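Q: What follows is the file final.tsv, containing TSV, C-alpha atoms and all ligand atoms:
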chain	number	residue	atom	x	y	z
Z	20	MET	CA	0.00	0.00	0.00
Z	21	THR	CA	1.54	3.28	-1.13
Z	22	LEU	CA	0.25	6.40	0.56
Z	23	LEU	CA	-0.23	9.44	-1.65
Z	24	HIS	CA	-0.60	13.10	-0.69
Z	25	GLY	CA	-2.77	15.60	-2.50
Z	26	GLN	CA	-4.77	18.79	-2.24
Z	27	ASP	CA	-8.05	20.25	-3.36
Z	28	SER	CA	-8.98	23.89	-3.73
Z	29	ILE	CA	-11.56	26.09	-5.39
Z	30	GLN	CA	-8.53	28.23	-6.40
Z	31	ALA	CA	-6.20	25.91	-8.32
Z	32	SER	CA	-3.27	28.37	-8.27
Z	33	LYS	CA	-3.18	28.28	-4.46
Z	34	MET	CA	-2.27	24.59	-4.34
Z	35	THR	CA	1.28	23.41	-3.60
Z	36	HIS	CA	3.48	21.95	-6.33
Z	37	GLY	CA	5.17	18.57	-6.06
Z	38	LEU	CA	2.31	16.53	-4.61
Z	39	ASP	CA	1.15	13.11	-5.81
Z	40	PHE	CA	-2.39	14.05	-6.80
Z	41	TYR	CA	-4.67	17.05	-7.30
Z	42	CYS	CA	-8.43	17.34	-7.11
Z	43	TYR	CA	-10.35	19.43	-9.62
Z	44	TYR	CA	-13.94	20.49	-9.99
Z	45	GLY	CA	-15.29	18.88	-13.14
Z	46	ALA	CA	-18.62	20.72	-12.99
Z	47	GLY	CA	-20.35	23.55	-11.16
Z	48	SER	CA	-19.35	27.14	-10.46
Z	49	PHE	CA	-15.78	26.28	-9.38
Z	50	GLN	CA	-15.01	24.23	-12.51
Z	51	ASN	CA	-11.21	24.18	-12.90
Z	52	ALA	CA	-10.23	20.89	-14.59
Z	53	ALA	CA	-8.22	22.53	-17.38
Z	54	GLN	CA	-6.47	24.90	-14.98
Z	55	VAL	CA	-5.46	22.11	-12.60
Z	56	ALA	CA	-4.13	19.99	-15.48
Z	57	GLN	CA	-2.14	22.96	-16.79
Z	58	LEU	CA	-0.71	24.01	-13.41
Z	59	PHE	CA	0.06	20.47	-12.24
Z	60	PRO	CA	0.78	18.40	-15.37
Z	61	ASP	CA	1.38	14.64	-15.42
Z	62	LYS	CA	-0.12	14.03	-11.97
Z	63	ARG	CA	-2.90	11.86	-10.69
Z	64	TYR	CA	-6.26	13.64	-10.50
Z	65	VAL	CA	-9.60	13.32	-8.73
Z	66	GLY	CA	-12.64	14.91	-10.38
Z	67	ILE	CA	-15.33	16.32	-8.07
Z	68	SER	CA	-18.81	17.64	-8.83
Z	69	PRO	CA	-21.37	19.33	-6.56
Z	70	PHE	CA	-24.19	17.61	-8.49
Z	71	VAL	CA	-24.76	14.35	-10.36
Z	72	THR	CA	-23.32	14.47	-13.86
Z	73	ALA	CA	-21.40	12.09	-16.13
Z	74	GLY	CA	-17.60	11.88	-16.21
Z	75	ILE	CA	-16.99	12.57	-12.51
Z	76	ASP	CA	-15.21	10.48	-9.87
Z	77	ILE	CA	-16.50	12.01	-6.66
Z	78	LEU	CA	-19.88	13.53	-5.76
Z	79	ASP	CA	-19.63	16.40	-3.29
Z	80	VAL	CA	-22.09	15.62	-0.52
Z	81	GLU	CA	-22.20	18.60	1.81
Z	82	LYS	CA	-24.41	21.53	2.73
Z	83	GLY	CA	-25.44	23.44	-0.41
Z	84	ASP	CA	-24.34	20.63	-2.74
Z	85	SER	CA	-25.61	17.06	-3.08
Z	86	ILE	CA	-27.35	15.01	-0.40
Z	87	ASN	CA	-27.03	11.33	0.59
Z	88	ALA	CA	-30.07	10.40	-1.52
Z	89	ASP	CA	-28.17	11.58	-4.67
Z	90	ILE	CA	-25.29	9.14	-4.13
Z	91	PRO	CA	-26.79	5.98	-5.75
Z	92	ASN	CA	-27.58	7.95	-8.93
Z	93	HIS	CA	-24.01	9.32	-9.06
Z	94	LEU	CA	-22.50	5.85	-8.56
Z	95	ARG	CA	-24.65	4.39	-11.35
Z	96	THR	CA	-24.04	7.33	-13.70
Z	97	ASN	CA	-20.27	7.10	-13.17
Z	98	ALA	CA	-19.79	3.34	-12.84
Z	99	LYS	CA	-16.68	3.89	-14.96
Z	100	ALA	CA	-14.98	6.75	-13.13
Z	101	PRO	CA	-12.48	8.77	-15.18
Z	102	ASN	CA	-9.55	8.80	-12.73
Z	103	LEU	CA	-10.38	6.42	-9.91
Z	104	VAL	CA	-10.95	2.67	-10.02
Z	105	LEU	CA	-14.47	3.26	-8.64
Z	106	PRO	CA	-16.75	6.27	-8.31
Z	107	GLY	CA	-17.34	7.64	-4.83
Z	108	PHE	CA	-18.56	10.50	-2.72
Z	109	TYR	CA	-17.01	13.17	-0.53
Z	110	THR	CA	-18.66	13.91	2.80
Z	111	SER	CA	-17.84	14.67	6.42
Z	112	ALA	CA	-16.61	11.64	8.37
Z	113	SER	CA	-19.63	12.00	10.67
Z	114	ASN	CA	-21.99	11.47	7.69
Z	115	VAL	CA	-20.23	8.42	6.18
Z	116	ALA	CA	-22.25	5.83	8.14
Z	117	ALA	CA	-25.55	7.42	7.00
Z	118	ALA	CA	-24.30	7.67	3.39
Z	119	ASN	CA	-23.19	4.02	3.46
Z	120	ALA	CA	-26.65	3.07	4.72
Z	121	VAL	CA	-28.28	4.86	1.74
Z	122	CYS	CA	-26.02	2.90	-0.63
Z	123	ALA	CA	-26.78	-0.39	1.09
Z	124	GLY	CA	-30.49	0.42	0.98
Z	125	ASN	CA	-30.14	0.85	-2.80
Z	126	GLY	CA	-28.38	-2.50	-3.21
Z	127	ILE	CA	-24.91	-0.97	-3.68
Z	128	ALA	CA	-22.24	-2.91	-1.79
Z	129	ARG	CA	-19.45	-1.04	-0.02
Z	130	ASN	CA	-16.82	-2.54	-2.36
Z	131	LYS	CA	-18.53	-0.88	-5.35
Z	132	TYR	CA	-17.63	2.70	-4.38
Z	133	LEU	CA	-15.01	4.84	-2.68
Z	134	VAL	CA	-15.47	7.04	0.36
Z	135	PHE	CA	-13.67	10.41	0.48
Z	136	SER	CA	-14.16	11.54	4.08
Z	137	ALA	CA	-13.49	14.97	5.55
Z	138	HIS	CA	-11.96	14.69	9.01
Z	139	TRP	CA	-9.90	17.76	9.85
Z	140	THR	CA	-7.60	16.49	12.58
Z	141	GLY	CA	-4.57	18.16	10.99
Z	142	THR	CA	-2.81	14.79	11.00
Z	143	PRO	CA	-2.46	12.90	7.71
Z	144	HIS	CA	-4.62	9.80	7.94
Z	145	ILE	CA	-7.27	7.77	6.16
Z	146	CYS	CA	-10.33	7.39	8.37
Z	147	ALA	CA	-10.90	3.92	9.80
Z	148	PRO	CA	-12.44	2.57	12.99
Z	149	SER	CA	-9.01	1.63	14.33
Z	150	VAL	CA	-7.45	4.96	13.26
Z	151	CYS	CA	-9.91	7.67	14.29
Z	152	GLY	CA	-13.15	5.86	15.08
Z	153	TYR	CA	-14.98	6.79	11.87
Z	154	PRO	CA	-16.01	4.25	9.20
Z	155	GLN	CA	-13.36	3.08	6.73
Z	156	ALA	CA	-12.61	5.68	4.03
Z	157	ASP	CA	-10.50	5.39	0.88
Z	158	LEU	CA	-9.46	9.03	0.72
Z	159	THR	CA	-9.46	11.49	3.61
Z	160	GLN	CA	-9.29	15.27	3.66
Z	161	TYR	CA	-7.46	15.72	6.95
Z	162	ALA	CA	-6.72	19.45	7.02
Z	163	SER	CA	-8.04	22.71	5.60
Z	164	ASN	CA	-6.68	26.24	5.41
Z	165	ALA	CA	-7.68	29.41	3.54
Z	166	ASP	CA	-5.90	28.30	0.33
Z	167	TYR	CA	-6.41	24.56	0.05
Z	168	ASP	CA	-7.41	21.32	1.76
Z	169	SER	CA	-4.92	18.49	2.30
Z	170	ASP	CA	-5.82	14.95	1.33
Z	171	GLN	CA	-4.39	11.49	1.74
Z	172	THR	CA	-5.14	8.25	-0.07
Z	173	THR	CA	-3.44	5.16	-1.46
Z	174	GLN	CA	-2.14	4.55	-4.96
Z	175	GLU	CA	-4.62	1.69	-5.34
Z	176	VAL	CA	-7.61	4.03	-5.77
Z	177	PHE	CA	-6.22	5.39	-9.06
Z	178	HIS	CA	-6.15	3.85	-12.50
Z	179	PRO	CA	-2.51	3.06	-13.33
Z	180	MET	CA	-0.82	6.10	-14.90
Z	181	ALA	CA	-0.25	5.93	-18.66
Z	182	THR	CA	3.38	5.58	-19.63
Z	183	PRO	CA	4.30	8.38	-22.02
Z	184	ASP	CA	5.25	7.29	-25.54
Z	185	PRO	CA	9.03	7.24	-25.98
Z	186	LYS	CA	10.41	10.17	-27.98
Z	187	PRO	CA	11.10	9.28	-31.64
Z	188	VAL	CA	14.69	9.03	-32.82
Z	189	THR	CA	15.76	11.82	-35.16
Z	190	ALA	CA	17.87	10.31	-37.92
Z	191	ILE	CA	19.32	11.39	-41.24
Z	192	VAL	CA	18.40	9.27	-44.23
Z	193	MET	CA	20.60	9.67	-47.32
Z	194	TRP	CA	20.18	8.35	-50.82
Z	195	ALA	CA	21.45	9.01	-54.34
Z	196	GLY	CA	19.18	11.51	-56.04
Z	197	THR	CA	19.28	12.38	-59.77
Z	198	ASP	CA	21.37	15.51	-59.07
Z	199	GLY	CA	23.56	13.95	-56.40
Z	200	PRO	CA	23.23	12.75	-52.80
Z	201	VAL	CA	20.09	13.75	-50.91
Z	202	ALA	CA	19.86	13.91	-47.11
Z	203	ARG	CA	16.64	14.29	-45.09
Z	204	LYS	CA	16.10	14.52	-41.38
Z	205	VAL	CA	13.35	12.10	-40.28
Z	206	GLU	CA	11.74	11.05	-37.02
Z	207	ILE	CA	11.60	7.28	-36.55
Z	208	PRO	CA	9.61	5.61	-33.75
Z	209	THR	CA	11.95	4.16	-31.11
Z	210	ALA	CA	10.74	0.59	-31.64
Z	211	LEU	CA	11.30	0.79	-35.41
Z	212	TRP	CA	14.74	2.36	-34.90
Z	213	ALA	CA	15.72	-0.59	-32.71
Z	214	GLN	CA	14.87	-2.95	-35.58
Z	215	LEU	CA	16.78	-0.84	-38.11
Z	216	SER	CA	19.84	-0.64	-35.82
Z	217	ALA	CA	19.79	-4.43	-35.57
Z	218	LEU	CA	19.97	-4.51	-39.38
Z	219	GLY	CA	23.09	-2.35	-39.28
Z	220	TRP	CA	21.63	1.10	-39.79
Z	221	LYS	CA	23.78	3.86	-38.30
Z	222	ASN	CA	22.62	7.32	-37.35
Z	223	PRO	CA	25.16	10.00	-38.38
Z	224	MET	CA	23.46	12.55	-36.10
Z	301	ZN	ZN	-10.52	10.24	10.44
Show me the file's structure as structure tokens.
Ligand SMILES: [Zn+2]
A:
Amino acid sequence: MTLLHGQDSIQASKMTHGLDFYCYYGAGSFQNAAQVAQLFPDKRYVGISPFVTAGIDILDVEKGDSINADIPNHLRTNAKAPNLVLPGFYTSASNVAAANAVCAGNGIARNKYLVFSAHWTGTPHICAPSVCGYPQADLTQYASNADYDSDQTTQEVFHPMATPDPKPVTAIVMWAGTDGPVARKVEIPTALWAQLSALGWKNPM
């Protein structure tokens, strides 16, 4: 189990660089998905929405946003979550038991969704009966200040990160043209270049 640290904020630019993951609002008045991706590229992300809509990992269940009764609809709408292995909801640790009961009442087992609990102890942790007394969470927001909230989770909640395609090899290809030798710079995919090298090709660059 690898612990990961992240933040969420309604002001993306206030978040700290160098963390493992960043939350963004994928819908609603604080929508900032593009800004978060631009400010914190090549990271893991968690998409949050204040209301049920497609393409969102986490439903925001708190005063002024969604309520427990909205959770089953969110989980069904986002059965394939964009960033996380399962969809889930964010709510205060004290509401998790009630939210779990709504899911169970709708035939949704606990292993079919993730719980993102808010429990501001100031100490990094993931809520669990043996840790802080609250029901088991998968992600926990453990601190909050004027600029951002601090979150902890495990690597297992995320889809594996895509490995970037290797950069192509720039090579010079030469041949005899009608008016003399011709040389052209070309980009060759790494895998193809490996095959050509094995055949004896040499790159004069
Ligand atoms: Zn806790």
Q: Show me, as a compact mmCIF listing (two decimals) with C-alpha atoms, in the frame of the given file, the residues that have an atom within 8 Å of region 173-190 of chain Z when counting only C-alpha atoms, minus same-chain residues fewer than 2 positions from it.
A:
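Now in selection-v4.txt:
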# COMPACT_ATOMS: atom_id res chain seq x y z
CA MET Z 20 0.00 0.00 0.00
CA THR Z 21 1.54 3.28 -1.13
CA LEU Z 22 0.25 6.40 0.56
CA LEU Z 23 -0.23 9.44 -1.65
CA ARG Z 63 -2.90 11.86 -10.69
CA ASN Z 102 -9.55 8.80 -12.73
CA LEU Z 103 -10.38 6.42 -9.91
CA VAL Z 104 -10.95 2.67 -10.02
CA LEU Z 105 -14.47 3.26 -8.64
CA ASP Z 157 -10.50 5.39 0.88
CA LEU Z 158 -9.46 9.03 0.72
CA GLN Z 171 -4.39 11.49 1.74
CA VAL Z 192 18.40 9.27 -44.23
CA LYS Z 204 16.10 14.52 -41.38
CA VAL Z 205 13.35 12.10 -40.28
CA GLU Z 206 11.74 11.05 -37.02
CA ILE Z 207 11.60 7.28 -36.55
CA PRO Z 208 9.61 5.61 -33.75
CA THR Z 209 11.95 4.16 -31.11
CA TRP Z 212 14.74 2.36 -34.90
CA ASN Z 222 22.62 7.32 -37.35
CA PRO Z 223 25.16 10.00 -38.38
CA MET Z 224 23.46 12.55 -36.10
Q: Let me see if you get this right: every residue at most 6 Å from ligand ZN 301 (chain Z), counting only C-alpha atoms and all ligand atoms, written as a PDB file with C-alpha atoms, keeping the file's coordinate frame.
A:
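Listed below is the output, result.pdb:
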ATOM      1  CA  HIS Z 138     -11.960  14.690   9.010  1.00  0.00           C
ATOM      2  CA  ILE Z 145      -7.270   7.770   6.160  1.00  0.00           C
ATOM      3  CA  CYS Z 146     -10.330   7.390   8.370  1.00  0.00           C
ATOM      4  CA  CYS Z 151      -9.910   7.670  14.290  1.00  0.00           C
ATOM      5  CA  TYR Z 153     -14.980   6.790  11.870  1.00  0.00           C
TER       6      TYR Z 153
END
Q: Write out, as a Markdown table, each residue of region 78-145 of chain Z that has an atom at most 12 Å from region 30-49 of chain Z, together with the closest pair of atoms and their distance in Å to one decimal, counting all atoms listed in the file, rows going by chain and rising number.
A:
| residue | atom | partner | partner_atom | distance |
| --- | --- | --- | --- | --- |
| Z:Leu78 | CA | Z:Tyr44 | CA | 10.1 |
| Z:Asp79 | CA | Z:Tyr44 | CA | 9.7 |
| Z:Gly83 | CA | Z:Gly47 | CA | 11.9 |
| Z:Asp84 | CA | Z:Gly47 | CA | 9.8 |
| Z:Ser85 | CA | Z:Gly47 | CA | 11.6 |
| Z:Pro101 | CA | Z:Gly45 | CA | 10.7 |
| Z:Asn102 | CA | Z:Cys42 | CA | 10.3 |
| Z:Leu103 | CA | Z:Cys42 | CA | 11.4 |
| Z:Tyr109 | CA | Z:Cys42 | CA | 11.6 |
| Z:Phe135 | CA | Z:Cys42 | CA | 11.5 |
Q: Enter the distance from CA of His93 (chain Z) to CA of Lys131 (chain Z), in Å, rounded to one decimal.
A: 12.2 Å
Q: What is the distance between CA of Ile86 (chain Z) and CA of Gly25 (chain Z), in Å to one decimal?
A: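 Answer for the CA of Ile86 (chain Z) to CA of Gly25 (chain Z) separation: 24.7 Å.
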Q: Skipping near chain neighbours, those fewer than 3 positions away, what residues fall within 12 Å of Ile127 (chain Z) using all atoms listed in the file, listed as a count of residues only?
A: 20
Q: Which value, in Å to one decimal, gives the distance between CA of Ala116 (chain Z) and CA of Val80 (chain Z)?
A: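 Here the two named atoms are 13.1 Å from each other.
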Q: Which residue out of Z:His24, Z:Ala210, Z:Asp61, Z:Ala128 has the minimum interatomic distance to Thr159 (chain Z) when all atoms listed in the file are used?
A: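 Result for the nearest residue to Thr159 (chain Z): Z:His24.
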Q: Residues at most 9 Å from Ser169 (chain Z), counting only C-alpha atoms, excluding those fewer than 5 positions away in the same chain, as a PyMOL selection string?
A: chain Z and resi 24-27+141+143+159-164
Q: My list of candidates is Z:Gly126, Z:Pro60, Z:Gly152, Z:Pro200. Which is closest to Ala112 (chain Z) when distances are computed with all atoms listed in the file?
A: Z:Gly152
Q: Could you check which residues have any atom within 6 Å of (-21.6, 10.6, -13.5), counting all atoms listed in the file with coordinates taken straight from the file, and then list them as a ChimeraX atom specification?
A: /Z:71-75,93,96-97
